[in-house]
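Asker: Structure below; questions to follow.
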Amino acid sequence: MDIKQEFLRVKRRLFDRVYGERLNPEQCRAVFTTEGPLLVLAGAGSGKTTVLVNRISYIIKYGDAYFDDTLPDGVDENTVEALKLALDMPVSEIEEILPRFISRPCPPWAVLAITFTNKAAKEIRDRLNSAFGDGELAESIWAGTFHSVCLRILRKHCERIGYKQGFTIYDTDDTKRLLLQCMKELMIDEKRLNPKVVQGEISRAKDSLIYPDGYEITRDPRSKDIKAVYGLYAKKLRENNAMDFDDIIMHTVSLLENEADVREYYQNKFRYVLVDEYQDTNYAQFVLTKLIADGRRNIMVVGDDDQSIYRFRGATVENILNFDKTYPDATVVKLEQNYRSTTNILSAANAVIGNNMKRHRKKLWSASGDGEKITVKEASDQNDEGRYIVERIVGSVYREGRKYSDFAVLYRVNALGRSIQTAFTKSGVPYKVIGDMGFYDHKEVKDMVAYLSVLANLDDNLRLKRIINEPKRKIGTATIEAVEQLAVMNGLSMYSVMERAGEFPLLAKSAERLTAFVRLMESVRERAKLPSELIEEVFVSTGYRDMLLEEDPVVGEGRRENVEELISAAREYEDKMREGGEEPTLLGFLEEVYLVSDVDKYDENADAVVLMTVHAAKGLEFPVVFIAGMEEGIFPSDKDGESEDALSEERRLAYVAITRAKEKLYISYARQRMMYGRTILGRPSRFAKDEIPKELLSVDIPRTVPPRMSAYGHPAASARSTVAPEFSREMRRAPSVTGMKETRTRTAASFGVEKLAPGTRVKHGIFGEGEIISSRDMGGDVLYEVGFDSGSVKKLMATYAKLEKI
DNA sequence: AGCTAAAATGTTTTT
DNA sequence: CATTTTAGCT
C-alpha cells in the first residue's frame, strides 16, 4: 500500500466530510482551492458570504491542506489507520483531530479580504469570531472596503507620496466646493461648463488612473477646460493635505507602483487576497488588487456579473468577464444553487436578466418550492401606492404573524421614498429609511466635523473657510479672501497666515479677530483629547451652541440634538476601539464619519420596516420585498439615455431588486405620480409587464376607485375596470386566491378592531397614551383623531395604528 | 456684514 | 415641490 496516496485520499475525505456538512460540492471547491487565481461566479443568494467565511477560516486553520499533495513528516501507517477511523466520527471530533496532521496553517494577518461594504466586512469578522471564539484572531485579518483598506495603507506610508500625516478626506460635497473654487479661479463660466460634468469627468479619470498630465484633450472643446480644472484641483488637494474618495484608491496604486519596498512588503505579507463583489470594481481597483496579489498570485474574486450596478461610478463588468484572460490559469467555480428565494421569485429574476446579452451564462435554481406568486399592483398615484404597501404589511403582520423587520420597500430613486415615508408616518408603522439624507449631512454636524478636520489637519483650507465665520465672528468675505491670497503668495496655509495675522499689513484691521480664532482652536486642542470631548468643547467654547439656542428654539433644539448624537457616535467609536484594544484617535473617528455608510449601520434586529434604494439593498435579503415605482422612465430610469448598456444596467438592477426577496415579492406602480412639483403619467415598467412571465404574476385589484382617466388618456370604465388594462384579460378573471381574499376581507372587523368611542383612553406604541377625540368610519376602517398626552394630535387608522384600550 | 425675500434650479444610483 | 442660491436692501 502506498502510504502517501492513502494518506492523501483519507485526508481529502475527511475534509469533504467536515465542509460537506455545511457546503455544497461547488462551495467546497471554492473553499479548498486556495492556491492560484480563482474566480467564483456566485449567483444571488448562492451562499457567497458563507463561502468567503469558510474559506478564510479554512485557510487560517489548514492553509492549503486539501490540495497539498506532500506527505507531512511523521505520518506513517498508524496515522493513516487512525485517520480512517476518524472518518466515521462526528464532524466536531474530526475537526479536533485534523489540525494535528496539517503542517502549514496560515497566520490571520496574511489574509486580506476586500468587501463592498463595511457591513459585509464586519459580518465576516463576526462570523470568524464565533467560529474561532477568538476576537483577536478575527481582528488581525485585514477585512474592509477598498477605501478602508487603502486608507490603512496610506496612513502608514503617505509621506512617500507627498502627503502629511493626518491628511483629510473630502467627500462629494467638499469635492464640489473645491471644484467650483477652481473653476472660479480659472474663470470658467459654470453656465457653460457644468461643474457636475467636471466632477464626473475627473472622477472617471481617477477611476481609470489617469493623472492630470495624462488627461486627453479631445475634440470636445470642454476637455481643455476640464483638464485645466483637474490640474488645479489636484494641486489644491495636495495643498490642503486632502484626498477625495477616488484619490484614496489612486494614490495607493501609485504608492505601490513607485515604492518597490512598500509593494514587496504587502505582496509578501498577504498570502491570500479575497475580493468580494468583483463585478463592481473599477479599473483602479482592478490594478490595485492585481498589484497586491501579484506576489503570491493567490487571488480569489467573487462576484456576479448580473449584479453589476455601479457602472455610473466607473465599475467595469469587464473585470469579472475577463478575469480568466487576466489570469489564464484561473480556476472557475460557479455557484448556481440559490438558498434564498422561492422558485417563482427566481424564475422571474432569471426571465428578466435573460434579456441581457454579454454575460456569463448561468441559471439559478432553488430547491425550495414554488411559493406564492408575485403580486402586481397598479396604484392610482403615489399616495395610493404608499397606502397599499402599508396596508399589506399591516395585514401580514396581523394575519401571518410577521415582524415589521421582515419587510423591505425598495425603489429606484430616493425621491420615491418620500411618498412612502408619508404613508408610514401616517399609519404609525415603525420604519427606517436607509440612505438619502444621513445625519452627517446636517449642516450643524458638518460644521462640527469641519472643526475636527481643521484640528487634525491645519492645512485644510476648505474646511477652515467653512467654519471661520460660523458662528459669526465678524470675519467677512473680504478678510477671508485677503488671507487666502496671502497664503498663496507666501506658500503658507491659511491657518498659519491667520496665526501671524499681525505681521501682514493687509490684515491690520482684522488681525485681532483672526488670531482670536487661532487662540480659540488652540485652547480647544489643549483642553480636549478624545473625539467626543473635542466635539463637546468645540460646540460650547466656539459659541456654536448658544448660536443654535438663540435662533428658532424648536429648530435649534433639533440641531443641538444632532450634535449630541454626533457626540454619542464618537463615544461609541471610542468604546469600540477600546474593546478591540486600540487607541481611539481623532483621525480614526473622522475616517469612520466619512467611510461608514448608512447601510453599514442598518440593524436587522430593530423591528421596523426598512426603506431604501435598490443599490443600498445589494447584499441584503428580506422575507417580503416591495418594489415600488415600477414605471417606465423611473425603473428603468431614462436619465442615462436609452442605450443598450444603460438599459442592461437597469435590468441588472431589477434583477438585484427581485432577488432580495425570500418568500414574497410585490411590485407596484402608480398611474400618475407627483414628482418635482408636477404630475406625470406612468406606464408599468417593461420589466414587470413584458419580461416576467405572466404565469408568475397575480394582479391585485385596486382598493380605491381609479381616476377617471387611464394612463393612456382614455376614459377608464371606472368601477368595472378593477384590473390594470395592461395585463391580460385572462388574468383579470383569475386573480390569485390570496389577492382576492385579502382585498375583500380587509375590513375593520376582520382585524379584530372594535370601534372605540371618543373619550376612550388609549395607548400607542410610539406616541404613548392619549384620548380619542373623534372616530369616523372610513372604507371598512376607522379613522381616529387622538390627542396624546404629549400634547400632539394625530389622525390614525385603526387597523394600522394598533391602539390599545386602557 | 448680514439679513430677508425672491429667483433659480434640480433629483439616479454611492464609497 | 423644496431646497439652495442670489440679489437687494439695511
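Order determines the names: the first chain of the C-alpha cells is A, the second B, and so forth; residues in each chain are numbered 1 upward, and ligands are numbered 1 upward as they are shown.
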Pull the closest atom pair for each residue of chain A that gets at most 8 Å from chain B, along with the distance in Å to one decimal, counting only C-alpha atoms (C1' of nucleotides), ordering rows by chain and then ascending residue number, as CSV.

Answerer:
residue,atom,partner,partner_atom,distance
A:His147,CA,B:DT15,C1',6.9
A:Phe245,CA,B:DT15,C1',6.7
A:Tyr310,CA,B:DT13,C1',7.6
A:Phe312,CA,B:DT13,C1',7.7
A:Arg313,CA,B:DT14,C1',7.8
A:Arg412,CA,B:DT12,C1',7.3
A:Val413,CA,B:DT12,C1',5.8
A:Ala415,CA,B:DT11,C1',7.1
A:Lys474,CA,B:DA1,C1',7.3
A:Gly476,CA,B:DA1,C1',6.7
A:Leu595,CA,B:DT15,C1',6.7
A:Thr613,CA,B:DT13,C1',7.9
A:His615,CA,B:DT13,C1',6.3
A:Ser637,CA,B:DT12,C1',7.3
A:Lys639,CA,B:DT12,C1',6.9
A:Tyr676,CA,B:DT11,C1',7.8

Asker: Might you pull out every residue within 8 Å of Lys4 of chain A, with only C-alpha atoms (C1' of nucleotides) counted and same-chain residues fewer than 4 positions away left off, and present them as a PyMOL selection string?

Answerer: chain A and resi 8+70-71

Asker: Could you pull out the alpha helix (DSSP H) residues of segment 102-281 of chain A from DSSP and send them as a ChimeraX atom specification?

Answerer: /A:118-132,135-140,146-157,172-185,195-207,222-239,245-258,260-269

Asker: Mind running chain A against chain C at 9 Å and telling me each contacting residue's nearest atom pair with the distance in Å (one decimal), counting only C-alpha atoms (C1' of nucleotides), chain and number ascending, as a Markdown table?

Answerer:
| residue | atom | partner | partner_atom | distance |
| --- | --- | --- | --- | --- |
| A:Met675 | CA | C:DC1 | C1' | 7.8 |
| A:Tyr676 | CA | C:DC1 | C1' | 5.6 |
| A:Gly677 | CA | C:DC1 | C1' | 4.5 |
| A:Arg678 | CA | C:DC1 | C1' | 8.3 |

Asker: Just want the 10 Å neighbourhood of segment 108-118 of chain A, counted on only C-alpha atoms (C1' of nucleotides), with same-chain residues fewer than 3 positions away dropped. Output as a ChimeraX atom specification.

Answerer: /A:52-53,56-57,59-61,105,121-124,136-149,266-278,280-281,289,292-293,299-302,595-597,599-601,616,618-619 /B:15

Asker: Write down as a ChimeraX atom specification the residues belonging to segment 509-665 of chain A that are assigned strand (DSSP E) by DSSP computed on the backbone.

Answerer: /A:609-613,622-627,661-665

Asker: Residues at most 6 Å from segment 159-168 of chain A, counting only C-alpha atoms (C1' of nucleotides), excluding those fewer than 2 positions away in the same chain, as a ChimeraX atom specification?

Answerer: /A:157,241-242,457

Asker: Work out how far apart atom CA of Ala315 of chain A and atom CA of Leu193 of chain A are and give it in Å to one decimal.

Answerer: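 One can read the atom CA of Ala315 of chain A to atom CA of Leu193 of chain A distance as 24.8 Å.
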
Asker: So how far away is atom CA of Gln5 of chain A from atom CA of Arg17 of chain A, in Å?

Answerer: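 That distance, rounded to one decimal, is 18.4 Å.
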
Asker: If I take atom CA of Val317 of chain A and atom CA of Asp174 of chain A, how far is one from the other in Å, to one decimal?

Answerer: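 Separation between atom CA of Val317 of chain A and atom CA of Asp174 of chain A: 29.1 Å.
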